[in-house]
>>> print(open('final14.pdb').read())   # PDB, C-alpha atoms
ATOM      1  CA  MET B   1      -6.054 -13.509 -21.721
ATOM      2  CA  LYS B   2      -9.225 -11.780 -20.563
ATOM      3  CA  ARG B   3      -8.232 -12.390 -16.951
ATOM      4  CA  THR B   4      -4.693 -11.168 -17.574
ATOM      5  CA  ILE B   5      -6.085  -7.844 -18.787
ATOM      6  CA  LEU B   6      -8.544  -7.719 -15.875
ATOM      7  CA  TYR B   7      -5.927  -8.177 -13.117
ATOM      8  CA  PHE B   8      -3.463  -5.889 -14.865
ATOM      9  CA  SER B   9      -6.158  -3.180 -15.187
ATOM     10  CA  ILE B  10      -7.128  -3.466 -11.524
ATOM     11  CA  GLY B  11      -3.434  -2.950 -10.748
ATOM     12  CA  ILE B  12      -3.315   0.195 -12.904
ATOM     13  CA  LEU B  13      -6.360   1.577 -11.089
ATOM     14  CA  PHE B  14      -4.741   0.776  -7.728
ATOM     15  CA  GLY B  15      -1.506   2.502  -8.760
ATOM     16  CA  ILE B  16      -3.320   5.647  -9.863
ATOM     17  CA  ILE B  17      -5.303   5.753  -6.602
ATOM     18  CA  MET B  18      -2.142   5.360  -4.476
ATOM     19  CA  ILE B  19      -0.515   8.356  -6.186
ATOM     20  CA  LYS B  20      -3.542  10.636  -6.533
ATOM     21  CA  SER B  21      -4.783  10.055  -2.962
ATOM     22  CA  GLU B  22      -1.158  10.390  -1.733
ATOM     23  CA  ALA B  23      -1.489   7.164   0.287
ATOM     24  CA  ALA B  24       1.935   6.290  -1.183
ATOM     25  CA  SER B  25       3.513   9.548   0.014
ATOM     26  CA  TRP B  26       6.230   9.345   2.667
ATOM     27  CA  PHE B  27       5.127  12.749   3.972
ATOM     28  CA  ARG B  28       1.524  11.568   4.432
ATOM     29  CA  ILE B  29       2.621   8.493   6.389
ATOM     30  CA  TYR B  30       4.911  10.628   8.560
ATOM     31  CA  GLU B  31       2.061  13.094   9.186
ATOM     32  CA  MET B  32      -0.284  10.219  10.026
ATOM     33  CA  PHE B  33       2.021   8.834  12.724
ATOM     34  CA  GLN B  34       2.355  12.385  14.085
ATOM     35  CA  PHE B  35      -1.476  12.592  14.315
ATOM     36  CA  LYS B  36      -1.258  15.929  12.499
ATOM     37  CA  SER B  37      -3.662  15.177   9.658
ATOM     38  CA  PHE B  38      -6.941  13.352   9.167
ATOM     39  CA  HIS B  39      -6.097  12.488   5.540
ATOM     40  CA  MET B  40      -4.721   8.937   5.953
ATOM     41  CA  TYR B  41      -7.215   8.043   8.696
ATOM     42  CA  GLY B  42     -10.006   9.237   6.404
ATOM     43  CA  ILE B  43      -8.700   7.115   3.519
ATOM     44  CA  ILE B  44      -8.310   3.932   5.565
ATOM     45  CA  GLY B  45     -11.530   4.589   7.522
ATOM     46  CA  ALA B  46     -13.635   5.206   4.402
ATOM     47  CA  ALA B  47     -12.115   2.189   2.618
ATOM     48  CA  VAL B  48     -12.809  -0.092   5.590
ATOM     49  CA  ALA B  49     -16.332   1.286   6.187
ATOM     50  CA  LEU B  50     -17.296   0.614   2.565
ATOM     51  CA  GLY B  51     -15.289  -2.631   2.617
ATOM     52  CA  VAL B  52     -17.351  -3.927   5.548
ATOM     53  CA  VAL B  53     -20.567  -3.198   3.625
ATOM     54  CA  ILE B  54     -19.233  -4.887   0.458
ATOM     55  CA  THR B  55     -17.905  -7.944   2.331
ATOM     56  CA  GLN B  56     -21.044  -8.412   4.418
ATOM     57  CA  LEU B  57     -23.318  -8.043   1.369
ATOM     58  CA  ILE B  58     -21.285 -10.704  -0.462
ATOM     59  CA  LYS B  59     -21.392 -13.105   2.492
ATOM     60  CA  ARG B  60     -25.037 -12.670   3.416
ATOM     61  CA  ASN B  61     -26.346 -12.905  -0.120
ATOM     62  CA  ASN B  62     -23.883 -15.588  -1.301
ATOM     63  CA  MET B  63     -23.076 -13.298  -4.201
ATOM     64  CA  ARG B  64     -21.426 -14.614  -7.330
ATOM     65  CA  SER B  65     -18.294 -13.339  -9.034
ATOM     66  CA  PHE B  66     -18.030 -11.846 -12.537
ATOM     67  CA  PHE B  67     -17.344 -15.427 -13.688
ATOM     68  CA  GLY B  68     -20.471 -16.865 -12.046
ATOM     69  CA  THR B  69     -18.656 -18.662  -9.247
ATOM     70  CA  GLU B  70     -19.441 -18.254  -5.562
ATOM     71  CA  ILE B  71     -17.177 -15.686  -3.887
ATOM     72  CA  GLN B  72     -14.959 -17.313  -1.248
ATOM     73  CA  ILE B  73     -13.467 -15.123   1.465
ATOM     74  CA  ALA B  74     -10.959 -17.201   3.426
ATOM     75  CA  PRO B  75     -10.633 -16.214   7.106
ATOM     76  CA  LYS B  76      -7.205 -15.053   8.300
ATOM     77  CA  PRO B  77      -5.277 -17.678  10.334
ATOM     78  CA  LYS B  78      -5.864 -17.113  14.060
ATOM     79  CA  HIS B  79      -2.237 -16.488  14.920
ATOM     80  CA  ILE B  80      -2.511 -13.657  17.417
ATOM     81  CA  LYS B  81       1.174 -13.519  18.409
ATOM     82  CA  ALA B  82       2.316 -13.583  14.779
ATOM     83  CA  SER B  83      -0.167 -10.821  13.900
ATOM     84  CA  LEU B  84       1.062  -8.608  16.725
ATOM     85  CA  TYR B  85       4.816  -9.245  16.414
ATOM     86  CA  GLY B  86       4.832  -9.329  12.621
ATOM     87  CA  GLY B  87       2.539  -6.326  12.457
ATOM     88  CA  SER B  88       4.841  -4.316  14.735
ATOM     89  CA  ILE B  89       7.915  -5.250  12.686
ATOM     90  CA  PHE B  90       6.129  -4.157   9.507
ATOM     91  CA  GLY B  91       5.043  -0.940  11.260
ATOM     92  CA  LEU B  92       8.687  -0.051  11.915
ATOM     93  CA  GLY B  93       9.475  -0.482   8.213
ATOM     94  CA  TRP B  94       6.323   1.337   7.100
ATOM     95  CA  ALA B  95       7.131   4.432   9.193
ATOM     96  CA  LEU B  96      10.779   4.372   8.080
ATOM     97  CA  THR B  97      10.266   4.079   4.310
ATOM     98  CA  GLY B  98       6.678   5.360   4.112
ATOM     99  CA  ALA B  99       5.913   2.415   1.854
ATOM    100  CA  CYS B 100       3.624  -0.578   2.155
ATOM    101  CA  PRO B 101       4.188  -3.566  -0.135
ATOM    102  CA  GLY B 102       1.677  -2.171  -2.682
ATOM    103  CA  PRO B 103       3.070   1.362  -2.968
ATOM    104  CA  ILE B 104       6.606  -0.059  -3.434
ATOM    105  CA  TYR B 105       5.621  -1.069  -7.000
ATOM    106  CA  VAL B 106       3.627   2.110  -7.547
ATOM    107  CA  LEU B 107       6.522   4.359  -6.514
ATOM    108  CA  ILE B 108       9.076   2.454  -8.600
ATOM    109  CA  GLY B 109       6.739   2.946 -11.578
ATOM    110  CA  ALA B 110       6.413   6.622 -10.697
ATOM    111  CA  GLY B 111      10.205   6.913 -10.998
ATOM    112  CA  TYR B 112      11.382   6.905  -7.364
ATOM    113  CA  LEU B 113      14.159   4.430  -8.060
ATOM    114  CA  PRO B 114      15.615   4.194  -4.509
ATOM    115  CA  LEU B 115      12.481   2.144  -3.776
ATOM    116  CA  LEU B 116      14.211  -0.644  -5.730
ATOM    117  CA  VAL B 117      16.499  -1.030  -2.708
ATOM    118  CA  VAL B 118      13.442  -1.292  -0.446
ATOM    119  CA  PHE B 119      11.961  -3.878  -2.820
ATOM    120  CA  VAL B 120      15.061  -6.109  -2.962
ATOM    121  CA  PHE B 121      15.437  -6.067   0.819
ATOM    122  CA  ALA B 122      11.715  -6.723   1.276
ATOM    123  CA  LEU B 123      12.263  -9.906  -0.765
ATOM    124  CA  LEU B 124      15.203 -10.759   1.494
ATOM    125  CA  GLY B 125      13.085 -10.096   4.602
ATOM    126  CA  THR B 126      10.337 -12.367   3.290
ATOM    127  CA  TYR B 127      12.942 -15.049   2.547
ATOM    128  CA  CYS B 128      14.384 -14.783   6.066
ATOM    129  CA  TYR B 129      10.915 -15.116   7.567
ATOM    130  CA  GLY B 130      10.417 -18.348   5.598
ATOM    131  CA  LEU B 131      13.773 -19.554   6.881
ATOM    132  CA  LEU B 132      13.064 -18.705  10.537
ATOM    133  CA  LYS B 133       9.355 -19.529  10.593
ATOM    134  CA  PRO B 134       9.701 -22.839  12.523
ATOM    135  CA  ARG B 135      11.549 -21.046  15.343
ATOM    136  CA  LEU B 136       9.280 -18.016  15.711
ATOM    137  CA  PRO B 137       6.314 -17.777  18.093
ATOM    138  CA  HIS B 138       2.983 -17.803  16.262
TER     139      HIS B 138
ATOM    140  CA  MET G   1     -28.716  27.342 -25.178
ATOM    141  CA  LEU G   2     -25.305  27.484 -23.603
ATOM    142  CA  HIS G   3     -22.335  28.651 -25.577
ATOM    143  CA  TYR G   4     -19.863  25.871 -26.422
ATOM    144  CA  SER G   5     -17.155  27.603 -24.405
ATOM    145  CA  HIS G   6     -19.180  26.797 -21.310
ATOM    146  CA  TYR G   7     -18.689  23.073 -21.958
ATOM    147  CA  ILE G   8     -14.968  23.556 -22.473
ATOM    148  CA  TRP G   9     -14.879  25.328 -19.132
ATOM    149  CA  GLU G  10     -16.767  22.404 -17.552
ATOM    150  CA  ILE G  11     -14.270  19.905 -18.992
ATOM    151  CA  TYR G  12     -11.433  22.072 -17.752
ATOM    152  CA  LEU G  13     -12.859  22.113 -14.215
ATOM    153  CA  THR G  14     -13.362  18.335 -14.239
ATOM    154  CA  MET G  15      -9.810  17.788 -15.498
ATOM    155  CA  ASP G  16      -8.478  19.997 -12.748
ATOM    156  CA  LEU G  17     -10.259  17.874 -10.125
ATOM    157  CA  ILE G  18      -8.616  14.735 -11.522
ATOM    158  CA  LEU G  19      -5.189  16.339 -11.833
ATOM    159  CA  ALA G  20      -5.156  17.799  -8.327
ATOM    160  CA  THR G  21      -4.630  15.642  -5.240
ATOM    161  CA  TRP G  22      -7.694  13.586  -4.391
ATOM    162  CA  PRO G  23      -9.225  14.206  -0.949
ATOM    163  CA  TRP G  24      -9.636  11.272   1.473
ATOM    164  CA  TYR G  25     -13.340  10.909   0.642
ATOM    165  CA  VAL G  26     -12.399  10.127  -2.945
ATOM    166  CA  GLY G  27      -9.275   8.055  -2.241
ATOM    167  CA  GLY G  28     -10.841   5.870   0.487
ATOM    168  CA  PRO G  29     -13.936   4.827  -1.509
ATOM    169  CA  ALA G  30     -11.701   4.294  -4.590
ATOM    170  CA  ILE G  31      -9.679   1.740  -2.589
ATOM    171  CA  ALA G  32     -12.960   0.027  -1.659
ATOM    172  CA  VAL G  33     -13.672  -0.197  -5.416
ATOM    173  CA  VAL G  34     -10.361  -2.058  -5.866
ATOM    174  CA  LEU G  35     -11.376  -4.433  -3.049
ATOM    175  CA  PHE G  36     -14.769  -4.932  -4.755
ATOM    176  CA  LEU G  37     -13.203  -5.603  -8.175
ATOM    177  CA  LEU G  38     -10.730  -8.147  -6.766
ATOM    178  CA  LEU G  39     -13.369 -10.004  -4.726
ATOM    179  CA  PHE G  40     -15.656 -10.190  -7.764
ATOM    180  CA  SER G  41     -12.707 -11.441  -9.849
ATOM    181  CA  GLU G  42     -12.342 -14.455  -7.495
ATOM    182  CA  LYS G  43      -9.304 -12.921  -5.771
ATOM    183  CA  ARG G  44      -8.512 -10.992  -2.631
ATOM    184  CA  PHE G  45      -6.850  -7.666  -1.912
ATOM    185  CA  GLY G  46      -3.369  -8.360  -0.517
ATOM    186  CA  MET G  47      -0.141  -7.024  -1.956
ATOM    187  CA  SER G  48       2.535  -8.507   0.323
ATOM    188  CA  THR G  49       1.897 -12.079  -0.864
ATOM    189  CA  ASN G  50       3.686 -11.102  -4.089
ATOM    190  CA  LEU G  51       6.997 -11.017  -2.193
ATOM    191  CA  LYS G  52       6.464 -14.650  -1.176
ATOM    192  CA  THR G  53       5.405 -15.558  -4.727
ATOM    193  CA  MET G  54       8.625 -14.074  -6.107
ATOM    194  CA  CYS G  55      10.721 -16.003  -3.556
ATOM    195  CA  SER G  56       8.937 -19.183  -4.678
ATOM    196  CA  MET G  57       9.503 -18.288  -8.333
ATOM    197  CA  ALA G  58      13.222 -17.910  -7.649
ATOM    198  CA  GLY G  59      13.320 -21.452  -6.277
ATOM    199  CA  ALA G  60      13.246 -20.795  -2.508
ATOM    200  CA  GLY G  61      10.769 -23.698  -2.147
ATOM    201  CA  LYS G  62      13.469 -26.272  -2.877
ATOM    202  CA  LYS G  63      15.036 -25.796   0.539
ATOM    203  CA  ILE G  64      12.364 -24.021   2.579
ATOM    204  CA  PRO G  65       8.914 -25.628   2.865
ATOM    205  CA  PHE G  66       7.257 -22.212   3.427
ATOM    206  CA  PHE G  67       7.974 -21.305  -0.215
ATOM    207  CA  ALA G  68       7.051 -24.711  -1.669
ATOM    208  CA  GLY G  69       3.875 -25.158  -3.668
ATOM    209  CA  ASP G  70       2.627 -23.867  -6.973
ATOM    210  CA  TRP G  71       3.462 -20.168  -7.282
ATOM    211  CA  LYS G  72       1.602 -20.010 -10.604
ATOM    212  CA  ALA G  73      -1.657 -19.894  -8.623
ATOM    213  CA  ASN G  74      -0.561 -16.425  -7.498
ATOM    214  CA  ARG G  75       0.405 -15.148 -10.935
ATOM    215  CA  TRP G  76      -2.653 -12.874 -10.863
ATOM    216  CA  GLY G  77      -1.074 -10.973  -7.952
ATOM    217  CA  LEU G  78       2.065 -10.305  -9.965
ATOM    218  CA  LEU G  79      -0.137  -8.886 -12.737
ATOM    219  CA  VAL G  80      -1.776  -6.554 -10.202
ATOM    220  CA  ALA G  81       1.702  -5.492  -8.976
ATOM    221  CA  LEU G  82       2.891  -4.880 -12.541
ATOM    222  CA  GLY G  83      -0.280  -2.888 -13.220
ATOM    223  CA  ALA G  84       0.332  -0.910 -10.014
ATOM    224  CA  ALA G  85       3.746   0.159 -11.324
ATOM    225  CA  VAL G  86       2.208   1.201 -14.658
ATOM    226  CA  GLY G  87      -0.570   3.040 -12.800
ATOM    227  CA  GLY G  88       2.052   4.818 -10.728
ATOM    228  CA  PHE G  89       3.825   5.897 -13.893
ATOM    229  CA  ILE G  90       0.589   7.093 -15.536
ATOM    230  CA  ALA G  91      -0.542   9.056 -12.472
ATOM    231  CA  ALA G  92       2.849  10.645 -11.832
ATOM    232  CA  THR G  93       3.439  11.510 -15.505
ATOM    233  CA  TYR G  94       0.083  12.323 -17.083
ATOM    234  CA  MET G  95      -2.372  12.883 -14.238
ATOM    235  CA  THR G  96      -0.699  15.667 -12.318
ATOM    236  CA  ASN G  97      -0.683  19.440 -12.296
ATOM    237  CA  GLY G  98       2.446  19.415 -10.156
ATOM    238  CA  SER G  99       0.675  20.287  -6.932
ATOM    239  CA  VAL G 100       0.665  18.141  -3.805
ATOM    240  CA  GLY G 101      -1.594  18.229  -0.767
ATOM    241  CA  MET G 102      -0.827  20.533   2.120
ATOM    242  CA  ILE G 103       1.269  19.072   4.928
ATOM    243  CA  HIS G 104       0.689  20.371   8.469
ATOM    244  CA  PRO G 105       3.051  23.346   9.091
ATOM    245  CA  ASP G 106       4.373  21.787  12.349
ATOM    246  CA  VAL G 107       5.378  18.697  10.389
ATOM    247  CA  VAL G 108       7.076  20.805   7.691
ATOM    248  CA  THR G 109       9.119  22.685  10.313
ATOM    249  CA  GLU G 110      10.021  19.539  12.203
ATOM    250  CA  LEU G 111      11.130  17.724   9.043
ATOM    251  CA  ASN G 112      13.184  20.706   7.900
ATOM    252  CA  GLN G 113      15.000  20.646  11.235
ATOM    253  CA  MET G 114      15.726  16.955  10.670
ATOM    254  CA  GLY G 115      17.155  17.759   7.226
ATOM    255  CA  ILE G 116      14.173  16.503   5.221
ATOM    256  CA  SER G 117      12.908  18.998   2.634
ATOM    257  CA  GLY G 118      10.026  19.102   0.182
ATOM    258  CA  ALA G 119       7.066  18.634   2.550
ATOM    259  CA  GLY G 120       3.947  20.139   0.944
ATOM    260  CA  VAL G 121       5.913  20.916  -2.222
ATOM    261  CA  GLU G 122       7.070  17.558  -3.545
ATOM    262  CA  PHE G 123       5.454  14.113  -3.457
ATOM    263  CA  MET G 124       8.466  12.471  -1.798
ATOM    264  CA  PRO G 125      11.470  13.809   0.158
ATOM    265  CA  PRO G 126      14.424  14.085  -2.271
ATOM    266  CA  GLU G 127      16.894  13.251   0.526
ATOM    267  CA  LEU G 128      15.435   9.740   0.759
ATOM    268  CA  PHE G 129      13.942   9.026  -2.656
ATOM    269  CA  GLY G 130      15.705  11.292  -5.147
ATOM    270  CA  ILE G 131      18.118   9.537  -7.486
ATOM    271  CA  GLU G 132      21.094  10.977  -5.561
ATOM    272  CA  ALA G 133      19.936   8.982  -2.513
ATOM    273  CA  LEU G 134      21.419   5.927  -4.236
ATOM    274  CA  THR G 135      24.895   7.373  -3.681
ATOM    275  CA  GLN G 136      24.392   8.078   0.044
ATOM    276  CA  PRO G 137      25.544   5.091   2.145
ATOM    277  CA  LYS G 138      23.472   6.134   5.185
ATOM    278  CA  THR G 139      20.285   6.493   3.125
ATOM    279  CA  LEU G 140      20.902   3.144   1.426
ATOM    280  CA  VAL G 141      21.222   1.468   4.826
ATOM    281  CA  LEU G 142      17.942   3.052   5.992
ATOM    282  CA  LEU G 143      16.105   1.986   2.818
ATOM    283  CA  ALA G 144      17.526  -1.541   3.056
ATOM    284  CA  LEU G 145      16.608  -1.819   6.742
ATOM    285  CA  GLY G 146      13.095  -0.513   6.057
ATOM    286  CA  GLY G 147      12.639  -2.955   3.175
ATOM    287  CA  PHE G 148      13.796  -5.890   5.277
ATOM    288  CA  LEU G 149      11.386  -4.986   8.103
ATOM    289  CA  ILE G 150       8.514  -4.657   5.600
ATOM    290  CA  GLY G 151       9.211  -8.056   3.998
ATOM    291  CA  PHE G 152       9.829  -9.899   7.251
ATOM    292  CA  GLY G 153       6.996  -8.251   9.188
ATOM    293  CA  THR G 154       4.253  -8.587   6.586
ATOM    294  CA  ARG G 155       4.913 -12.286   6.054
ATOM    295  CA  TYR G 156       5.156 -12.912   9.801
ATOM    296  CA  ALA G 157       1.857 -11.064  10.322
ATOM    297  CA  GLY G 158       0.280 -12.732   7.277
ATOM    298  CA  GLY G 159      -0.589  -9.481   5.513
ATOM    299  CA  CYS G 160       0.024  -5.763   5.152
ATOM    300  CA  THR G 161      -2.112  -2.639   4.908
ATOM    301  CA  SER G 162      -4.184  -4.117   2.075
ATOM    302  CA  GLY G 163      -4.454  -7.716   3.339
ATOM    303  CA  HIS G 164      -5.047  -6.944   7.012
ATOM    304  CA  ALA G 165      -6.126  -3.288   7.350
ATOM    305  CA  ILE G 166      -8.472  -3.220   4.332
ATOM    306  CA  SER G 167      -9.443  -6.840   3.482
ATOM    307  CA  GLY G 168      -9.174  -8.295   6.985
ATOM    308  CA  LEU G 169     -10.899  -5.471   8.853
ATOM    309  CA  SER G 170     -13.627  -5.410   6.167
ATOM    310  CA  ASP G 171     -14.226  -9.084   6.946
ATOM    311  CA  LEU G 172     -14.181  -8.262  10.697
ATOM    312  CA  GLN G 173     -11.245 -10.612  11.256
ATOM    313  CA  TRP G 174      -9.857 -10.558  14.803
ATOM    314  CA  PRO G 175      -6.223 -11.340  13.743
ATOM    315  CA  SER G 176      -6.350  -8.372  11.344
ATOM    316  CA  PHE G 177      -7.430  -6.054  14.141
ATOM    317  CA  VAL G 178      -4.436  -7.247  16.201
ATOM    318  CA  ALA G 179      -2.131  -6.824  13.177
ATOM    319  CA  VAL G 180      -3.307  -3.230  12.629
ATOM    320  CA  ILE G 181      -2.616  -2.473  16.301
ATOM    321  CA  GLY G 182       0.863  -3.889  15.642
ATOM    322  CA  PHE G 183       1.284  -1.634  12.561
ATOM    323  CA  PHE G 184       0.712   1.372  14.799
ATOM    324  CA  VAL G 185       2.841   0.101  17.697
ATOM    325  CA  GLY G 186       5.791  -0.304  15.318
ATOM    326  CA  GLY G 187       4.969   2.809  13.309
ATOM    327  CA  LEU G 188       4.659   5.127  16.308
ATOM    328  CA  LEU G 189       7.843   3.716  17.821
ATOM    329  CA  MET G 190       9.770   4.363  14.602
ATOM    330  CA  ASN G 191       8.215   7.765  13.937
ATOM    331  CA  HIS G 192       8.567   9.257  17.424
ATOM    332  CA  LEU G 193      11.496   7.461  19.060
ATOM    333  CA  ILE G 194      13.791   6.210  16.291
ATOM    334  CA  LEU G 195      13.429   8.415  13.170
ATOM    335  CA  PRO G 196      14.519  11.653  14.953
ATOM    336  CA  TYR G 197      17.883   9.994  15.698
ATOM    337  CA  ILE G 198      18.573   8.175  12.439
ATOM    338  CA  LEU G 199      17.377  10.613   9.748
TER     339      LEU G 199
END
>>> encode(input="final14.pdb", output="structure tokens")
Amino acid sequence: MKRTILYFSIGILFGIIMIKSEAASWFRIYEMFQFKSFHMYGIIGAAVALGVVITQLIKRNNMRSFFGTEIQIAPKPKHIKASLYGGSIFGLGWALTGACPGPIYVLIGAGYLPLLVVFVFALLGTYCYGLLKPRLPH
Amino acid sequence: MLHYSHYIWEIYLTMDLILATWPWYVGGPAIAVVLFLLLFSEKRFGMSTNLKTMCSMAGAGKKIPFFAGDWKANRWGLLVALGAAVGGFIAATYMTNGSVGMIHPDVVTELNQMGISGAGVEFMPPELFGIEALTQPKTLVLLALGGFLIGFGTRYAGGCTSGHAISGLSDLQWPSFVAVIGFFVGGLLMNHLILPYIL
């Protein structure tokens, strides 16, 4: 129960940040790909810069979680082709809809109901990847 | 001693800062806080995995090995996604003064020429995300196509903006760096070469 509230609350915080920082805004994503604003680069850059510090501090000091367990950070699978091809395919969708998988939920909650279409087809896309995975280069 | 009205004025100014659009130097570090909270809660920051979890929940694992396994281990992610929707509602309903951040004038002009209005005035373009968009066949096709590319691409790449760009880059992961290059290859291609013809 305690954990349920914890994860749900982190989600609420994330949703608020996505709206208030406008990282979930179609206009901001469009502007970013046009290189006409520093806003999105500043957001991602600042998040990653602080993220590197947080992640390295955790790893070097073997820091423990809120529950007293050791924090495990699993490395990403070294699939370079999959990262590049998959990343590019996602990029096409990101620039078209202005939404990443996180903001899809945020925007539906904020009342932009056409995102439900994006959501349903994102599920279908994920399903098709699972179906085709054995035949794709990784 | 200060008059009490001074404190009311202070509260008013603070409220206005929260209600207005947050600058990048607030938004960026706030995302790092989310990363911190998830790592210290024994989890990781990655939103696209939820799409796989939901496919598994719906029984896709019976026929496709990729979706097999215990989806309940990822229930926490669904809670984060549900919270994200609630957070979106709260921010859009109670934490706004109706203003949005300024969009570069060149972008506003360009979008207007492409038939997209609302830049710098509304949070989202009504032509694509207003309720009436649901009755426009062309817009529905674009949204469906975009959704499919997001779902397929993120799972193929093994992560999205949160899993690769924030979590992965923070952990100095080489595959994440490649994935982020891919995000921009696809994004720039769509934005510059495809969007002008399909919007």
>>> axis_aligned_box(input="final14.pdb", around="segment 111-125 of chain B", padding_each_side="8 Å", output="JSON")
{"center_x": 13.4, "center_y": -1.9, "center_z": -3.2, "size_x": 22.3, "size_y": 33.7, "size_z": 31.6}
>>> resolve_selection(input="final14.pdb", expression="the PyMOL selection byres ((chain G and resi 139) around 12)", output="PDB file with C-alpha atoms, in the frame of the given file")
ATOM      1  CA  LEU B  96      10.779   4.372   8.080  1.00  0.00           C
ATOM      2  CA  THR B  97      10.266   4.079   4.310  1.00  0.00           C
ATOM      3  CA  PRO B 114      15.615   4.194  -4.509  1.00  0.00           C
ATOM      4  CA  LEU B 115      12.481   2.144  -3.776  1.00  0.00           C
ATOM      5  CA  VAL B 117      16.499  -1.030  -2.708  1.00  0.00           C
ATOM      6  CA  VAL B 118      13.442  -1.292  -0.446  1.00  0.00           C
TER       7      VAL B 118
ATOM      8  CA  ILE G 116      14.173  16.503   5.221  1.00  0.00           C
ATOM      9  CA  PRO G 125      11.470  13.809   0.158  1.00  0.00           C
ATOM     10  CA  PRO G 126      14.424  14.085  -2.271  1.00  0.00           C
ATOM     11  CA  GLU G 127      16.894  13.251   0.526  1.00  0.00           C
ATOM     12  CA  LEU G 128      15.435   9.740   0.759  1.00  0.00           C
ATOM     13  CA  PHE G 129      13.942   9.026  -2.656  1.00  0.00           C
ATOM     14  CA  GLY G 130      15.705  11.292  -5.147  1.00  0.00           C
ATOM     15  CA  ILE G 131      18.118   9.537  -7.486  1.00  0.00           C
ATOM     16  CA  GLU G 132      21.094  10.977  -5.561  1.00  0.00           C
ATOM     17  CA  ALA G 133      19.936   8.982  -2.513  1.00  0.00           C
ATOM     18  CA  LEU G 134      21.419   5.927  -4.236  1.00  0.00           C
ATOM     19  CA  THR G 135      24.895   7.373  -3.681  1.00  0.00           C
ATOM     20  CA  GLN G 136      24.392   8.078   0.044  1.00  0.00           C
ATOM     21  CA  PRO G 137      25.544   5.091   2.145  1.00  0.00           C
ATOM     22  CA  LYS G 138      23.472   6.134   5.185  1.00  0.00           C
ATOM     23  CA  LEU G 140      20.902   3.144   1.426  1.00  0.00           C
ATOM     24  CA  VAL G 141      21.222   1.468   4.826  1.00  0.00           C
ATOM     25  CA  LEU G 142      17.942   3.052   5.992  1.00  0.00           C
ATOM     26  CA  LEU G 143      16.105   1.986   2.818  1.00  0.00           C
ATOM     27  CA  ALA G 144      17.526  -1.541   3.056  1.00  0.00           C
ATOM     28  CA  LEU G 145      16.608  -1.819   6.742  1.00  0.00           C
ATOM     29  CA  GLY G 146      13.095  -0.513   6.057  1.00  0.00           C
ATOM     30  CA  ILE G 198      18.573   8.175  12.439  1.00  0.00           C
ATOM     31  CA  LEU G 199      17.377  10.613   9.748  1.00  0.00           C
TER      32      LEU G 199
END
>>> residues_around(input="final14.pdb", residues="Ala24 of chain B", least_positions_apart="6", cutoff="7 Å", atoms="only C-alpha atoms", output="list in words")
Met18, Ala99 and Pro103 of chain B
>>> atom_distance(input="final14.pdb", atom1="atom CA of Ile194 of chain G", atom2="atom CA of Gly93 of chain B")
11.3 Å
>>> residues_near_point(input="final14.pdb", point="(3.9, -5.1, 13.2)", cutoff="9 Å", atoms="only C-alpha atoms", output="ChimeraX atom specification")
/B:82-93 /G:150,153-154,156-157,160,179-187
>>> resolve_selection(input="final14.pdb", expression="the PyMOL selection byres ((chain B and resi 41) around 12)", output="NGL selection string")
(:B and (23 or 28-29 or 31-40 or 42-49)) or (:G and (23-25 or 27-28 or 165))
>>> residues_around(input="final14.pdb", residues="Ser9 of chain B", least_positions_apart="4", cutoff="8 Å", atoms="only C-alpha atoms", output="VMD selection string")
(chain B and resid 5 13) or (chain G and resid 80 83)
>>> resolve_selection(input="final14.pdb", expression="the PyMOL selection byres ((chain G and resi 39) around 10)", output="list in words")
Ile54, Thr55, Ile58, Arg64, Ser65, Phe66, Ile71, Gln72 and Ile73 of chain B; Val33, Val34, Leu35, Phe36, Leu37, Leu38, Phe40, Ser41, Glu42, Lys43, Arg44, Phe45 and Ser167 of chain G
>>> write_last_selection(input="final14.pdb", atoms="C-alpha atoms", output="PDB file, in the frame of the given file")
ATOM      1  CA  ILE B  54     -19.233  -4.887   0.458  1.00  0.00           C
ATOM      2  CA  THR B  55     -17.905  -7.944   2.331  1.00  0.00           C
ATOM      3  CA  ILE B  58     -21.285 -10.704  -0.462  1.00  0.00           C
ATOM      4  CA  ARG B  64     -21.426 -14.614  -7.330  1.00  0.00           C
ATOM      5  CA  SER B  65     -18.294 -13.339  -9.034  1.00  0.00           C
ATOM      6  CA  PHE B  66     -18.030 -11.846 -12.537  1.00  0.00           C
ATOM      7  CA  ILE B  71     -17.177 -15.686  -3.887  1.00  0.00           C
ATOM      8  CA  GLN B  72     -14.959 -17.313  -1.248  1.00  0.00           C
ATOM      9  CA  ILE B  73     -13.467 -15.123   1.465  1.00  0.00           C
TER      10      ILE B  73
ATOM     11  CA  VAL G  33     -13.672  -0.197  -5.416  1.00  0.00           C
ATOM     12  CA  VAL G  34     -10.361  -2.058  -5.866  1.00  0.00           C
ATOM     13  CA  LEU G  35     -11.376  -4.433  -3.049  1.00  0.00           C
ATOM     14  CA  PHE G  36     -14.769  -4.932  -4.755  1.00  0.00           C
ATOM     15  CA  LEU G  37     -13.203  -5.603  -8.175  1.00  0.00           C
ATOM     16  CA  LEU G  38     -10.730  -8.147  -6.766  1.00  0.00           C
ATOM     17  CA  PHE G  40     -15.656 -10.190  -7.764  1.00  0.00           C
ATOM     18  CA  SER G  41     -12.707 -11.441  -9.849  1.00  0.00           C
ATOM     19  CA  GLU G  42     -12.342 -14.455  -7.495  1.00  0.00           C
ATOM     20  CA  LYS G  43      -9.304 -12.921  -5.771  1.00  0.00           C
ATOM     21  CA  ARG G  44      -8.512 -10.992  -2.631  1.00  0.00           C
ATOM     22  CA  PHE G  45      -6.850  -7.666  -1.912  1.00  0.00           C
ATOM     23  CA  SER G 167      -9.443  -6.840   3.482  1.00  0.00           C
TER      24      SER G 167
END
